[in-house]
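Chemist: Next up is a structure, given as structure tokens.
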Amino acid sequence: MKGPKEFRPSPGLADLANLIRFPAALSVPGDVLAGAVAAGGTPRPRIVATMASSVALYWAGMALNDYADATVDAVERPERPIPAGRVARRTALATACGLTAAGLGLAALAGGRRALSVALPLTGLVWAYDLGLKSTPAGPAAMAGARTLNVLAGAEPGRRATAVPAALLVGAHTYTVTALSRHEVSGAPRAVPAATLAGSTATALPADALTGLRRGGRAARVG
């Protein structure tokens with residue numbers, strides 16, 4: 001098996017941005033905002049710090065993913081920063097640790113212990129997924145759990161129970177997509193994409209119903 005190439009000691013910002021999939025984090029703030037809205041409250045200024053926390057933890061997961069998959073990526077994704085020799089594996093781990101610390105610090109800033117009660121298990125799932133669960137049957141469930149917690153992070157602590165249905169829907173959708181992504185290299189049996197489409201449809205319908213109920217509730221309060 002061919003190993004990673006020789007590493008450059010100092011990766012550039014573009015290499016690090018590629019390592020953490022910089023633009024992909026745009027999907028994360030939406031989860032947090034959805035949690036705030038689903039909880040029935042008006043998003044407060046702390047939501048910005050919560051979003052930043054979730055983004056940092058997402059980027060940490062991306063760096064940790066490449067750290068853990070360096071040997072596999074050397075064969076299946078040789079263009080990734082570590083096997084291509086643009087980022088050292090130890091740098092990826094250090095980046096993951098630094099971003100994790102930043103994410104937890106921002107969570108504490110946003111809501112103290114109550115915010116950390118969500119951020120800490122979210123962090124645990126991210127690290128467990130990348131370092132051991134990803135290639136196991138528990139992998140999709142771990143990813144789904146992370147997205148579920150990310151939605152709950154946006155809800156005010158006293159209103160989190162109200163956001164649970166929306167969080168579970170996001171988690172269910174994530175589960176189906178993650179189950180499909182496990183076949184991105186080898187190809188998926190026909191039944192897997194069909195099940196993913198069915199699962200996505202099944203989560204979209206109750207999500208639309210929840211949105212309608214909340215709009216109706218707000219209209220009734222205004223009227």
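Convention: chains lettered A, B, ... in structure tokens order; per-chain residue numbering from 1; ligands numbered from 1 as shown.
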Stretch 117-130 of chain A: which residues within 10 Å, counting only C-alpha atoms, same-chain residues fewer than 3 positions away excluded, as a ChimeraX atom specification?

Modeler: /A:50,53-54,57-58,60-69,96,100-101,103-108,111-114,133-136,138-154,157

Chemist: Any idea what's packed within 7 Å of stretch 8-24 of chain A, counting only C-alpha atoms, ignoring anything in its chain fewer than 5 positions away? Could you give it as an MDAnalysis selection string?

Modeler: chainID A and resid 59 62:63 81 85:88

Chemist: With N, CA, C and O atoms kept, could you save the residues just selected as a PDB file, in the first residue's frame?

Modeler:
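And here is the file that came out, selection-v1.pdb:
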```
ATOM      1  N   TRP A  59     -15.605  22.129  11.684  1.00  0.00           N
ATOM      2  CA  TRP A  59     -14.271  22.166  11.073  1.00  0.00           C
ATOM      3  C   TRP A  59     -13.310  21.229  11.796  1.00  0.00           C
ATOM      4  O   TRP A  59     -12.470  20.583  11.158  1.00  0.00           O
ATOM      5  N   MET A  62     -13.839  17.820  10.464  1.00  0.00           N
ATOM      6  CA  MET A  62     -13.271  17.630   9.134  1.00  0.00           C
ATOM      7  C   MET A  62     -11.757  17.368   9.209  1.00  0.00           C
ATOM      8  O   MET A  62     -11.226  16.480   8.531  1.00  0.00           O
ATOM      9  N   ALA A  63     -11.069  18.158  10.032  1.00  0.00           N
ATOM     10  CA  ALA A  63      -9.627  17.956  10.196  1.00  0.00           C
ATOM     11  C   ALA A  63      -9.333  16.597  10.826  1.00  0.00           C
ATOM     12  O   ALA A  63      -8.411  15.877  10.415  1.00  0.00           O
ATOM     13  N   PRO A  81      -5.469  16.942   1.211  1.00  0.00           N
ATOM     14  CA  PRO A  81      -4.236  17.631   1.635  1.00  0.00           C
ATOM     15  C   PRO A  81      -3.183  16.727   2.270  1.00  0.00           C
ATOM     16  O   PRO A  81      -1.987  16.921   2.019  1.00  0.00           O
ATOM     17  N   GLY A  85       0.494  15.576   0.399  1.00  0.00           N
ATOM     18  CA  GLY A  85       1.712  16.149   0.961  1.00  0.00           C
ATOM     19  C   GLY A  85       1.638  17.628   1.263  1.00  0.00           C
ATOM     20  O   GLY A  85       2.654  18.256   1.527  1.00  0.00           O
ATOM     21  N   ARG A  86       0.426  18.199   1.268  1.00  0.00           N
ATOM     22  CA  ARG A  86       0.300  19.634   1.515  1.00  0.00           C
ATOM     23  C   ARG A  86       0.113  19.965   2.994  1.00  0.00           C
ATOM     24  O   ARG A  86       0.357  21.091   3.419  1.00  0.00           O
ATOM     25  N   VAL A  87      -0.362  18.989   3.774  1.00  0.00           N
ATOM     26  CA  VAL A  87      -0.571  19.180   5.217  1.00  0.00           C
ATOM     27  C   VAL A  87      -0.063  17.939   5.941  1.00  0.00           C
ATOM     28  O   VAL A  87      -0.364  16.807   5.535  1.00  0.00           O
ATOM     29  N   ALA A  88       0.713  18.141   6.990  1.00  0.00           N
ATOM     30  CA  ALA A  88       1.198  17.003   7.782  1.00  0.00           C
ATOM     31  C   ALA A  88       0.052  16.426   8.615  1.00  0.00           C
ATOM     32  O   ALA A  88      -0.849  17.145   9.056  1.00  0.00           O
TER      33      ALA A  88
END
```

Chemist: Check stretch 79-125 of chain A with DSSP on the backbone and list each residue it calls alpha helix (DSSP H), as a VMD selection string.

Modeler: chain A and resid 89 to 125

Chemist: Do you know which residues are at most 9 Å from A:Ala172 counting only C-alpha atoms, after dropping those on the same chain fewer than 2 positions away, and could you put them as a list in words?

Modeler: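 Contacts, with the query itself left out: Ala141, Ala144, Gly145, Thr148, Ala167, Leu168, Leu169, Val170, Thr174, Tyr175, Thr176, Val177, Gly199, Ser200 and Thr203 of chain A.
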
Chemist: Restricted to N, CA and C atoms, what would the selected residues look like written as a CSV table (one decimal), in the first residue's frame?

Modeler:
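Output contents, as saved in result-v3.csv:
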```csv
chain,number,residue,atom,x,y,z
A,141,ALA,N,-25.8,6.7,12.8
A,141,ALA,CA,-26.5,7.1,14.0
A,141,ALA,C,-25.7,8.2,14.8
A,144,ALA,N,-26.1,11.4,12.8
A,144,ALA,CA,-27.4,11.9,13.0
A,144,ALA,C,-27.5,12.5,14.4
A,145,GLY,N,-26.9,11.9,15.4
A,145,GLY,CA,-26.9,12.4,16.8
A,145,GLY,C,-26.3,13.8,16.8
A,148,THR,N,-28.6,16.3,15.3
A,148,THR,CA,-29.7,16.6,16.3
A,148,THR,C,-29.3,17.5,17.4
A,167,ALA,N,-35.4,18.8,15.7
A,167,ALA,CA,-34.1,18.2,15.8
A,167,ALA,C,-34.1,16.8,15.4
A,168,LEU,N,-35.1,16.0,15.8
A,168,LEU,CA,-35.1,14.6,15.4
A,168,LEU,C,-35.3,14.4,13.9
A,169,LEU,N,-36.1,15.3,13.3
A,169,LEU,CA,-36.3,15.3,11.8
A,169,LEU,C,-35.0,15.5,11.1
A,170,VAL,N,-34.2,16.5,11.5
A,170,VAL,CA,-32.9,16.8,10.9
A,170,VAL,C,-32.0,15.6,11.1
A,174,THR,N,-30.3,13.2,8.2
A,174,THR,CA,-28.8,13.1,8.2
A,174,THR,C,-28.5,11.6,8.2
A,175,TYR,N,-29.2,10.8,9.0
A,175,TYR,CA,-29.0,9.3,9.0
A,175,TYR,C,-29.0,8.7,7.6
A,176,THR,N,-30.1,9.1,6.9
A,176,THR,CA,-30.3,8.5,5.6
A,176,THR,C,-29.2,8.9,4.6
A,177,VAL,N,-28.8,10.2,4.7
A,177,VAL,CA,-27.8,10.7,3.8
A,177,VAL,C,-26.4,10.1,4.1
A,199,GLY,N,-36.5,8.0,2.7
A,199,GLY,CA,-36.3,8.5,4.0
A,199,GLY,C,-36.3,10.1,4.0
A,200,SER,N,-35.7,10.7,3.0
A,200,SER,CA,-35.7,12.1,2.9
A,200,SER,C,-37.1,12.7,2.7
A,203,THR,N,-39.1,12.5,5.9
A,203,THR,CA,-38.8,13.5,6.9
A,203,THR,C,-39.2,14.9,6.4
```

Chemist: Please indicate the distance in Å from atom CA of A:Ala163 to atom CA of A:Thr178, rounded to one decimal place.

Modeler: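 Answer for the atom CA of A:Ala163 to atom CA of A:Thr178 separation: 22.4 Å.
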